[in-house]
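Asks: Data: input.cif, mmCIF, C-alpha atoms.
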data_model
#
loop_
_atom_site.label_atom_id
_atom_site.label_comp_id
_atom_site.auth_asym_id
_atom_site.auth_seq_id
_atom_site.Cartn_x
_atom_site.Cartn_y
_atom_site.Cartn_z
CA MET A 130 -113.65 242.64 28.22
CA VAL A 131 -112.56 240.85 25.06
CA THR A 132 -109.50 242.72 23.80
CA ASN A 133 -108.94 240.90 20.52
CA THR A 134 -111.57 242.25 18.16
CA ASN A 135 -111.02 239.24 15.89
CA GLU A 136 -112.60 237.06 18.56
CA LEU A 137 -116.31 236.65 19.13
CA PRO A 138 -117.79 238.48 22.11
CA ILE A 139 -118.44 236.52 25.29
CA VAL A 140 -122.15 236.46 26.10
CA ALA A 141 -123.39 235.20 29.46
CA LEU A 142 -126.59 233.19 29.06
CA THR A 143 -128.88 232.80 32.08
CA PRO A 144 -131.89 230.44 32.17
CA GLY A 145 -134.44 232.89 33.51
CA ASP A 146 -137.07 231.60 35.91
CA CYS A 147 -136.73 227.84 36.25
CA THR A 148 -140.53 227.46 36.40
CA GLY A 149 -140.84 228.81 32.85
CA ILE A 150 -139.63 227.86 29.38
CA GLY A 151 -136.17 229.42 29.71
CA PRO A 152 -134.24 226.28 30.69
CA GLU A 153 -135.52 224.26 27.74
CA GLN A 154 -134.92 227.18 25.37
CA ILE A 155 -131.26 227.55 26.29
CA ALA A 156 -130.76 223.77 26.19
CA ARG A 157 -132.14 223.67 22.67
CA ILE A 158 -130.05 226.53 21.27
CA LEU A 159 -126.92 225.03 22.82
CA SER A 160 -127.58 221.56 21.46
CA ASP A 161 -126.50 222.14 17.86
CA ASP A 162 -124.04 225.07 17.92
CA ARG A 163 -126.47 227.22 15.95
CA LEU A 164 -124.96 230.36 17.49
CA ALA A 165 -121.33 229.27 17.39
CA ASP A 166 -120.52 231.86 14.73
CA VAL A 167 -122.16 234.66 16.71
CA ALA A 168 -120.77 234.55 20.24
CA ARG A 169 -118.87 232.55 22.79
CA LEU A 170 -121.66 231.50 25.13
CA VAL A 171 -121.15 230.76 28.80
CA VAL A 172 -124.11 229.64 30.89
CA ILE A 173 -124.46 231.20 34.33
CA GLY A 174 -126.82 229.19 36.51
CA ASP A 175 -127.39 225.86 38.20
CA ALA A 176 -126.44 222.60 36.48
CA ARG A 177 -129.68 221.02 37.70
CA VAL A 178 -131.72 223.70 35.93
CA LEU A 179 -129.83 223.06 32.70
CA GLU A 180 -130.38 219.31 33.11
CA MET A 181 -134.10 219.90 33.51
CA GLY A 182 -134.04 222.05 30.40
CA MET A 183 -132.37 219.24 28.47
CA ALA A 184 -135.09 216.83 29.58
CA HIS A 185 -137.86 219.22 28.55
CA ALA A 186 -136.25 219.95 25.19
CA GLY A 187 -135.33 216.33 24.52
CA VAL A 188 -131.66 217.08 23.96
CA LYS A 189 -128.39 216.00 25.53
CA LEU A 190 -125.48 218.34 26.17
CA THR A 191 -121.89 217.75 27.16
CA VAL A 192 -121.30 220.20 29.98
CA GLU A 193 -118.04 221.40 31.47
CA ARG A 194 -118.35 223.13 34.83
CA ILE A 195 -116.06 226.09 35.40
CA LYS A 196 -115.56 228.53 38.27
CA SER A 197 -115.89 231.68 36.20
CA PRO A 198 -116.06 232.75 32.55
CA LYS A 199 -112.32 233.48 32.46
CA ALA A 200 -111.74 229.76 33.01
CA ALA A 201 -113.72 228.78 29.90
CA ASP A 202 -112.05 226.62 27.29
CA TRP A 203 -113.59 227.74 24.04
CA GLY A 204 -111.76 225.05 22.07
CA ARG A 205 -113.70 222.24 23.72
CA ARG A 206 -116.97 221.03 22.26
CA ALA A 207 -118.74 221.30 25.58
CA VAL A 208 -121.12 223.82 27.09
CA GLN A 209 -119.20 226.07 29.44
CA LEU A 210 -121.22 226.37 32.65
CA VAL A 211 -120.55 228.42 35.75
CA ASP A 212 -122.51 226.20 38.13
CA LEU A 213 -123.85 228.41 40.90
CA GLY A 214 -125.45 225.46 42.67
CA ASN A 215 -128.17 227.75 43.95
CA THR A 216 -131.38 226.47 42.36
CA ASP A 217 -132.94 223.02 42.73
CA PRO A 218 -135.76 223.07 40.17
CA SER A 219 -137.37 219.96 41.64
CA THR A 220 -138.55 222.10 44.57
CA PHE A 221 -140.65 224.37 42.35
CA PRO A 222 -143.72 223.27 40.33
CA ILE A 223 -143.24 224.19 36.70
CA GLY A 224 -145.68 226.59 35.13
CA LYS A 225 -146.42 228.46 38.36
CA SER A 226 -145.07 231.71 39.77
CA ASN A 227 -143.03 231.24 42.93
CA ALA A 228 -141.40 233.90 45.09
CA GLU A 229 -138.37 231.79 46.00
CA SER A 230 -137.77 230.93 42.37
CA GLY A 231 -138.01 234.65 41.62
CA ARG A 232 -135.44 235.40 44.31
CA LEU A 233 -133.04 232.88 42.81
CA THR A 234 -133.64 234.22 39.30
CA GLY A 235 -132.50 237.61 40.54
CA GLU A 236 -129.55 236.11 42.37
CA THR A 237 -128.39 234.35 39.21
CA LEU A 238 -128.65 237.54 37.19
CA SER A 239 -126.76 239.40 39.90
CA ARG A 240 -123.87 236.93 39.60
CA ALA A 241 -123.84 237.38 35.83
CA ILE A 242 -123.67 241.14 36.35
CA ASP A 243 -120.70 240.65 38.66
CA PHE A 244 -118.88 238.87 35.83
CA ALA A 245 -119.76 241.72 33.47
CA LYS A 246 -118.46 244.29 35.94
CA SER A 247 -115.18 242.40 36.28
CA GLY A 248 -114.79 242.26 32.48
CA GLU A 249 -115.22 238.49 32.11
CA VAL A 250 -118.27 238.73 29.84
CA ASP A 251 -119.19 241.35 27.25
CA ALA A 252 -122.98 241.05 27.40
CA ILE A 253 -125.80 239.21 29.15
CA THR A 254 -128.74 237.50 27.49
CA PHE A 255 -131.35 236.19 29.89
CA ALA A 256 -134.20 233.79 29.18
CA PRO A 257 -137.71 234.85 30.26
CA LEU A 258 -138.29 235.73 33.91
CA ASN A 259 -141.32 236.61 36.02
CA LYS A 260 -141.34 240.18 37.36
CA ARG A 261 -143.94 239.44 40.03
CA ALA A 262 -142.01 236.45 41.35
CA MET A 263 -138.80 238.47 41.52
CA PHE A 264 -140.54 241.29 43.37
CA ASP A 265 -142.17 238.89 45.82
CA GLY A 266 -138.82 237.17 46.25
CA GLY A 267 -137.21 240.33 47.58
CA TRP A 268 -136.00 242.15 44.46
CA LYS A 269 -138.10 245.23 45.10
CA PHE A 270 -138.00 246.73 41.62
CA PRO A 271 -140.91 247.16 39.18
CA ASP A 272 -138.87 245.43 36.50
CA GLU A 273 -135.49 243.80 35.92
CA HIS A 274 -134.14 246.84 34.06
CA LYS A 275 -134.31 249.00 37.18
CA MET A 276 -132.71 246.16 39.11
CA PHE A 277 -129.82 246.08 36.62
CA ALA A 278 -129.35 249.84 36.91
CA SER A 279 -129.26 249.59 40.70
CA LEU A 280 -126.71 246.78 40.72
CA LEU A 281 -124.54 248.72 38.26
CA GLY A 282 -124.81 251.95 40.22
CA HIS A 283 -126.33 253.65 37.18
CA SER A 284 -128.14 256.92 37.87
CA SER A 285 -128.66 258.60 34.49
CA TYR A 286 -131.36 257.93 31.89
CA PHE A 287 -131.92 254.42 30.51
CA SER A 288 -134.86 252.64 28.95
CA GLU A 289 -136.26 249.33 27.76
CA MET A 290 -136.50 249.02 23.98
CA ASN A 291 -137.98 246.36 21.72
CA VAL A 292 -136.37 245.31 18.47
CA LEU A 293 -138.37 243.50 15.80
CA ASP A 294 -137.78 243.16 12.07
CA GLY A 295 -135.17 245.91 12.18
CA GLN A 296 -137.52 248.29 13.98
CA TRP A 297 -136.45 249.77 17.33
CA MET A 298 -139.48 250.55 19.47
CA SER A 299 -138.83 252.80 22.44
CA ARG A 300 -140.94 254.78 24.88
CA VAL A 301 -140.84 257.90 27.00
CA THR A 302 -142.30 256.14 30.07
CA GLY A 303 -142.17 252.50 31.05
CA HIS A 304 -143.42 250.14 33.74
CA GLN A 305 -145.67 252.38 35.79
CA SER A 306 -149.37 253.12 36.01
CA LEU A 307 -150.81 255.16 33.18
CA ARG A 308 -151.71 257.96 35.60
CA GLU A 309 -148.09 258.13 36.76
CA ALA A 310 -146.83 257.91 33.18
CA LEU A 311 -148.81 260.97 32.14
CA ASP A 312 -147.09 263.01 34.84
CA SER A 313 -143.69 261.80 33.62
CA ILE A 314 -144.11 262.99 30.03
CA ASN A 315 -142.29 266.30 29.67
CA PRO A 316 -139.75 267.93 27.32
CA ALA A 317 -136.79 266.41 29.19
CA SER A 318 -138.12 262.84 29.16
CA ILE A 319 -139.14 263.07 25.50
CA THR A 320 -135.69 264.40 24.59
CA ASP A 321 -133.96 261.65 26.56
CA ALA A 322 -136.01 258.96 24.81
CA ILE A 323 -135.30 260.27 21.31
CA GLU A 324 -131.59 260.74 21.94
CA LEU A 325 -131.18 257.27 23.47
CA VAL A 326 -132.84 255.38 20.62
CA ASP A 327 -130.78 257.36 18.10
CA ARG A 328 -127.59 256.48 19.99
CA MET A 329 -128.48 252.79 20.33
CA MET A 330 -129.41 252.39 16.68
CA ARG A 331 -126.18 254.00 15.56
CA LYS A 332 -124.31 251.53 17.78
CA ALA A 333 -126.22 248.75 16.04
CA GLY A 334 -125.02 249.99 12.65
CA VAL A 335 -127.88 252.22 11.46
CA ALA A 336 -126.11 255.30 10.10
CA GLU A 337 -128.98 257.80 10.36
CA PRO A 338 -132.05 256.37 12.10
CA ARG A 339 -135.39 257.75 11.00
CA ILE A 340 -137.28 258.22 14.25
CA ALA A 341 -141.02 258.83 14.44
CA VAL A 342 -142.47 260.13 17.69
CA ALA A 343 -146.00 259.11 18.58
CA ALA A 344 -148.57 261.59 19.83
CA LEU A 345 -150.09 261.29 23.27
CA ASN A 346 -153.71 262.12 22.50
CA PRO A 347 -156.10 260.53 19.95
CA HIS A 348 -155.56 261.81 16.41
CA ALA A 349 -152.50 263.72 17.69
CA GLY A 350 -154.87 266.02 19.55
CA GLU A 351 -156.97 266.87 16.48
CA GLY A 352 -155.59 270.41 16.34
CA GLY A 353 -156.15 270.98 20.05
CA LEU A 354 -159.67 269.55 20.14
CA PHE A 355 -158.54 266.51 22.17
CA GLY A 356 -155.73 268.16 24.11
CA ARG A 357 -152.94 270.63 23.51
CA ASP A 358 -149.96 268.47 24.57
CA GLU A 359 -148.89 267.97 20.98
CA ILE A 360 -149.06 271.68 20.18
CA GLU A 361 -147.53 273.11 23.32
CA MET A 362 -145.00 270.45 24.35
CA ILE A 363 -144.41 267.43 22.11
CA ARG A 364 -143.95 269.07 18.70
CA PRO A 365 -141.67 271.88 19.96
CA THR A 366 -139.52 269.30 21.74
CA ILE A 367 -139.19 267.14 18.62
CA GLU A 368 -138.25 270.17 16.54
CA ALA A 369 -135.62 271.23 19.08
CA VAL A 370 -134.02 267.78 19.05
CA ALA A 371 -134.11 267.66 15.25
CA LYS A 372 -132.16 270.93 15.09
CA ARG A 373 -129.29 269.12 16.86
CA GLY A 374 -128.92 266.69 13.96
CA ILE A 375 -131.19 263.80 14.93
CA CYS A 376 -133.61 262.68 12.23
CA CYS A 377 -136.83 262.75 14.24
CA THR A 378 -140.31 263.82 13.19
CA GLY A 379 -143.80 263.92 14.62
CA PRO A 380 -145.91 263.75 16.62
CA TYR A 381 -147.89 261.20 14.62
CA PRO A 382 -151.24 259.67 15.63
CA ALA A 383 -150.40 256.49 17.53
CA ASP A 384 -153.07 254.45 15.76
CA THR A 385 -151.33 254.81 12.38
CA VAL A 386 -147.64 255.50 13.03
CA TYR A 387 -146.78 251.83 13.57
CA VAL A 388 -148.43 250.86 10.28
CA ARG A 389 -146.17 253.38 8.56
CA ALA A 390 -143.09 252.21 10.46
CA PHE A 391 -143.58 248.55 9.64
CA ALA A 392 -144.15 249.54 6.01
CA GLY A 393 -140.61 250.95 6.00
CA GLU A 394 -141.17 254.69 6.37
CA PHE A 395 -139.41 254.86 9.75
CA ASP A 396 -136.73 252.87 11.57
CA SER A 397 -138.05 253.55 15.04
CA VAL A 398 -141.11 254.77 16.87
CA VAL A 399 -140.88 256.46 20.26
CA ALA A 400 -144.13 255.84 22.13
CA MET A 401 -145.34 258.04 24.96
CA TYR A 402 -146.23 255.14 27.27
CA HIS A 403 -145.72 251.37 27.53
CA ASP A 404 -148.81 249.82 25.94
CA GLN A 405 -148.96 252.38 23.15
CA GLY A 406 -145.93 250.68 21.64
CA GLN A 407 -146.07 247.18 23.08
CA ILE A 408 -149.48 246.30 21.66
CA ALA A 409 -148.39 247.16 18.13
CA THR A 410 -145.04 245.38 18.47
CA LYS A 411 -146.41 242.18 19.99
CA LEU A 412 -149.17 241.94 17.42
CA ARG A 413 -146.50 242.22 14.76
CA GLY A 414 -144.37 239.36 16.09
CA PHE A 415 -145.02 238.13 19.61
CA ASN A 416 -142.51 235.27 19.47
CA ARG A 417 -139.77 237.08 17.54
CA GLY A 418 -139.09 240.36 19.30
CA VAL A 419 -136.09 241.19 21.48
CA THR A 420 -135.99 243.48 24.49
CA VAL A 421 -132.80 245.43 25.14
CA THR A 422 -131.99 247.47 28.22
CA ALA A 423 -130.61 250.59 26.57
CA GLY A 424 -128.34 253.14 28.19
CA LEU A 425 -126.51 250.95 30.72
CA GLU A 426 -122.80 250.16 30.66
CA THR A 427 -123.54 246.43 30.36
CA VAL A 428 -125.45 245.06 27.36
CA PHE A 429 -128.63 243.18 28.34
CA THR A 430 -131.01 241.45 25.92
CA THR A 431 -133.90 239.03 26.35
CA PRO A 432 -136.85 237.69 24.34
CA SER A 433 -139.82 240.05 24.40
CA HIS A 434 -142.17 237.20 25.33
CA GLY A 435 -142.68 235.87 28.83
CA THR A 436 -142.25 232.61 30.72
CA ALA A 437 -145.12 230.88 28.85
CA PHE A 438 -146.28 228.88 31.86
CA ASP A 439 -148.93 227.12 29.76
CA ILE A 440 -146.40 225.23 27.61
CA VAL A 441 -143.53 224.57 30.04
CA GLY A 442 -142.10 221.07 29.74
CA LYS A 443 -143.97 220.20 26.56
CA GLY A 444 -140.93 220.60 24.32
CA VAL A 445 -142.72 223.03 22.00
CA ALA A 446 -141.24 226.35 23.14
CA LYS A 447 -139.84 228.27 20.17
CA THR A 448 -136.35 229.74 20.39
CA GLY A 449 -136.39 232.37 17.65
CA ALA A 450 -136.60 235.38 19.96
CA LEU A 451 -133.90 234.03 22.27
CA GLU A 452 -131.59 233.42 19.33
CA SER A 453 -132.25 236.96 18.10
CA ALA A 454 -131.51 238.25 21.60
CA VAL A 455 -128.10 236.55 21.59
CA ARG A 456 -127.34 237.92 18.14
CA LEU A 457 -128.24 241.47 19.15
CA ALA A 458 -126.23 241.20 22.38
CA ALA A 459 -123.20 240.04 20.42
CA GLN A 460 -123.62 242.84 17.88
CA LEU A 461 -123.89 245.54 20.53
CA ALA A 462 -121.00 244.08 22.53
CA SER A 463 -118.81 244.03 19.44
CA MET A 464 -119.59 247.67 18.75
CA LYS A 465 -118.74 248.50 22.35
CA VAL A 466 -115.34 246.80 22.01
CA LYS A 467 -114.65 248.74 18.79
CA GLU A 468 -115.57 252.02 20.48
CA ALA A 469 -113.20 251.21 23.33
CA SER A 470 -110.37 250.46 20.92
CA TYR A 471 -110.97 253.74 19.07
CA ALA A 472 -110.71 255.59 22.39
CA TYR A 473 -107.11 254.44 22.67
#
I'd like the structure from this file rewritten - as structure tokens, please.

Replies:
Amino acid sequence: MVTNTNELPIVALTPGDCTGIGPEQIARILSDDRLADVARLVVIGDARVLEMGMAHAGVKLTVERIKSPKAADWGRRAVQLVDLGNTDPSTFPIGKSNAESGRLTGETLSRAIDFAKSGEVDAITFAPLNKRAMFDGGWKFPDEHKMFASLLGHSSYFSEMNVLDGQWMSRVTGHQSLREALDSINPASITDAIELVDRMMRKAGVAEPRIAVAALNPHAGEGGLFGRDEIEMIRPTIEAVAKRGICCTGPYPADTVYVRAFAGEFDSVVAMYHDQGQIATKLRGFNRGVTVTAGLETVFTTPSHGTAFDIVGKGVAKTGALESAVRLAAQLASMKVKEASYAY
């Protein structure tokens, strides 16, 4: 971990799946030092993948290969790369899902996590990956977040969150079927979700987050006409959490609460299930949102969009969400360092 709080945090940057737009995105953001005032970036991956990314983005980078992040020379005007030598992108057609590429994507992330566990990096930002390819490649997790938790030995509550335009969108349930999600919505899971988003937003500098909780049923149950979940479970849970000092209210009808949030009434919305929040967030800014894995010891961020197989290699992939992901990772890592220094 960075011990001098006057220094920028060290953020590991991984290229995601080499069949997608990740390699060209990281090449582009490294080409002009646009994030030099945000973090000290070290690329974890294969030099050949980065070279392909340069070709797709139409940029040229000076690269210095190092054995580990602790060997980085931040005074040199060269990209610091831990060359894993594990991925030959020429063996995978771009723009197509591939199980072996998915396996190597997971392997690269696993190495980055090793560096985080040893204290050599403060956060990890990863370019878009393909969940199906990773699963087929042997990483038998429904998403990368559960993979991260497993590799870190994390057993308590954590969640994926999406950050867009200052709004933190969280959810009670995540990547599972809707039938399974309904069985997972209970007072404990609702409480965990509200408490985690409050904690994460405070770490990001929001003094008292205003959290809205979405209803489960249409029109928030319409007074029990469309279901009594809101009356018997969701509202009492929200009120119990609010009594502990968290500014949370609801439940609000899901078809209007996001309109109110994006108008500035709330800082966060906790959805009951994945698509309830994701549809609203992605309509708001598909290419700008950031996903953060909240609740783990290591900071993880990534663009909310996917691998964009349809535009790979065309040099048109936008980098706004990836840049925002690096900025958020650096911000959260800096807060983590400050908290550690206060503990002493």

Asks: Please identify every residue of range 164-206 of chain A that has at least one atom no farther than 9 Å from an atom of range 241-249 of chain A, counting all atoms listed in the file, and for each give the shortest atom pair and the distance in Å to one decimal, arranged by chain then increasing number, as JSON lines.

Replies:
{"residue": "A:Ile173", "atom": "CA", "partner": "A:Ala241", "partner_atom": "CA", "distance": 6.4}
{"residue": "A:Gly174", "atom": "CA", "partner": "A:Ala241", "partner_atom": "CA", "distance": 8.7}
{"residue": "A:Ser197", "atom": "CA", "partner": "A:Phe244", "partner_atom": "CA", "distance": 7.8}
{"residue": "A:Pro198", "atom": "CA", "partner": "A:Glu249", "partner_atom": "CA", "distance": 5.8}
{"residue": "A:Lys199", "atom": "CA", "partner": "A:Glu249", "partner_atom": "CA", "distance": 5.8}

Asks: Please report, as JSON lines, each residue of range 441-469 of chain A lying at most 12 Å from range 221-231 of chain A, together with the nearest pair of atoms and the separation in Å rounded to one decimal; use only C-alpha atoms, and order rows by chain and ascending residue number.

Replies:
{"residue": "A:Val441", "atom": "CA", "partner": "A:Gly224", "partner_atom": "CA", "distance": 5.9}
{"residue": "A:Gly442", "atom": "CA", "partner": "A:Ile223", "partner_atom": "CA", "distance": 7.7}
{"residue": "A:Lys443", "atom": "CA", "partner": "A:Gly224", "partner_atom": "CA", "distance": 10.8}

Asks: For the file shown, report as JSON, numbers by chain the outcome of the PyMOL selection byres ((chain A and resi 376-390) around 6) at residue level.

Replies: {"A": [339, 340, 341, 342, 343, 344, 348, 349, 371, 375, 391, 392, 393, 394, 395]}

Asks: Let me know the centre plus edge lengths, in Å and rounded to one decimal, of a box with edges along x, y and z that contains all listed atoms of range 446-456 of chain A and is padded by 5 Å on every side, as AutoDock Vina command-line options.

Replies:
--center_x -134.3 --center_y 232.3 --center_z 20.4 --size_x 23.9 --size_y 21.9 --size_z 15.5

Asks: What separation in Å, quoted to one decimal, exists between CA of Thr191 in chain A and CA of Arg157 in chain A?

Replies: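 CA of Arg157 in chain A lies at a distance of 12.7 Å from CA of Thr191 in chain A.
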
Asks: Check what the PyMOL selection byres ((chain A and resi 462) around 8) selects in the file above and give those residues as a list in words.

Replies: Pro138, Asp251, Ala252, Val428, Ala458, Ala459, Gln460, Leu461, Ser463, Met464, Lys465 and Val466 of chain A

Asks: Would you mind telling me which residue in A:Val171, A:Gly435, A:Thr420, A:Ile323 lies nearest to Glu193 in chain A when using only C-alpha atoms?

Replies: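 Looking only at the distances to Glu193 in chain A, the closest residue turns out to be A:Val171.
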
Asks: Residues within 9 Å of range 176-188 of chain A, please, as a ChimeraX atom specification. Count only C-alpha atoms; anything in the same chain fewer than 6 positions from it doesn't count.

Replies: /A:144,147,150-157,160,194,210-214,216-219,441-446

Asks: What would the selection look like, as a ChimeraX atom specification, if the PyMOL selection byres ((chain A and resi 232) around 8) were run on the coordinates I just shared?

Replies: /A:228-231,233-236,262-268

Asks: Can you pull out every residue within 12 Å of Arg373 in chain A, counting only C-alpha atoms, but drop anything in the same chain fewer than 3 positions away, and send it as an NGL selection string?

Replies: :A and (320 or 323-324 or 327 or 366-370 or 376-377)

Asks: Which value, in Å to one decimal, gives the distance between CA of Val208 in chain A and CA of Ile139 in chain A?

Replies: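 Calculated distance between CA of Val208 in chain A and CA of Ile139 in chain A is 13.1 Å.
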
Asks: Which residue out of A:Thr220, A:Thr143, A:Ser318, A:Ser285 has the minimum interatomic distance to Thr302 in chain A when all atoms listed in the file are used?

Replies: A:Ser318

Asks: Could you jot down the CA of Ser299 in chain A to CA of Leu345 in chain A separation for me, Å, one decimal place?

Replies: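 Value for the CA of Ser299 in chain A-CA of Leu345 in chain A distance: 14.1 Å.
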
Asks: Counting all atoms listed in the file, find the residues whose atoms lie at most 10 Å from (-123.3, 235.2, 17.6) (file coordinates) and write them out as a list in words.

Replies: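 Result, sorted by chain then residue number: Leu137, Pro138, Ile139, Val140, Arg163, Leu164, Ala165, Asp166, Val167, Ala168, Arg169, Leu170, Glu452, Ser453, Ala454, Val455, Arg456, Leu457, Ala458, Ala459 and Gln460 of chain A.
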
Asks: Got a sec: who's within 9 Å of Pro271 in chain A, counting all atoms listed in the file, leaving out chain neighbours fewer than 3 positions off, as a tab-separated table (two decimals) with C-alpha atoms, in the frame of the given file?

Replies:
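Saved as part.tsv:
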chain	number	residue	atom	x	y	z
A	260	LYS	CA	-141.34	240.18	37.36
A	261	ARG	CA	-143.94	239.44	40.03
A	264	PHE	CA	-140.54	241.29	43.37
A	268	TRP	CA	-136.00	242.15	44.46
A	274	HIS	CA	-134.14	246.84	34.06
A	275	LYS	CA	-134.31	249.00	37.18
A	276	MET	CA	-132.71	246.16	39.11
A	304	HIS	CA	-143.42	250.14	33.74
A	305	GLN	CA	-145.67	252.38	35.79

Asks: Could you get me a file of range 397-414 of chain A with C-alpha atoms, as a PDB file, in the first residue's frame, taken from the block above?

Replies:
ATOM      1  CA  SER A 397     -28.627   6.892  -4.590  1.00  0.00           C
ATOM      2  CA  VAL A 398     -31.321   4.399  -5.418  1.00  0.00           C
ATOM      3  CA  VAL A 399     -31.281   0.864  -4.045  1.00  0.00           C
ATOM      4  CA  ALA A 400     -33.108  -1.395  -6.491  1.00  0.00           C
ATOM      5  CA  MET A 401     -34.631  -4.714  -5.503  1.00  0.00           C
ATOM      6  CA  TYR A 402     -33.204  -6.630  -8.480  1.00  0.00           C
ATOM      7  CA  HIS A 403     -30.657  -6.174 -11.273  1.00  0.00           C
ATOM      8  CA  ASP A 404     -32.649  -4.892 -14.256  1.00  0.00           C
ATOM      9  CA  GLN A 405     -34.829  -2.630 -12.140  1.00  0.00           C
ATOM     10  CA  GLY A 406     -31.808  -0.366 -11.725  1.00  0.00           C
ATOM     11  CA  GLN A 407     -29.662  -1.212 -14.722  1.00  0.00           C
ATOM     12  CA  ILE A 408     -32.230  -0.263 -17.345  1.00  0.00           C
ATOM     13  CA  ALA A 409     -32.651   3.208 -15.877  1.00  0.00           C
ATOM     14  CA  THR A 410     -28.916   3.738 -15.420  1.00  0.00           C
ATOM     15  CA  LYS A 411     -27.891   2.562 -18.880  1.00  0.00           C
ATOM     16  CA  LEU A 412     -30.568   4.629 -20.566  1.00  0.00           C
ATOM     17  CA  ARG A 413     -29.201   7.622 -18.699  1.00  0.00           C
ATOM     18  CA  GLY A 414     -25.608   7.156 -19.858  1.00  0.00           C
TER      19      GLY A 414
END
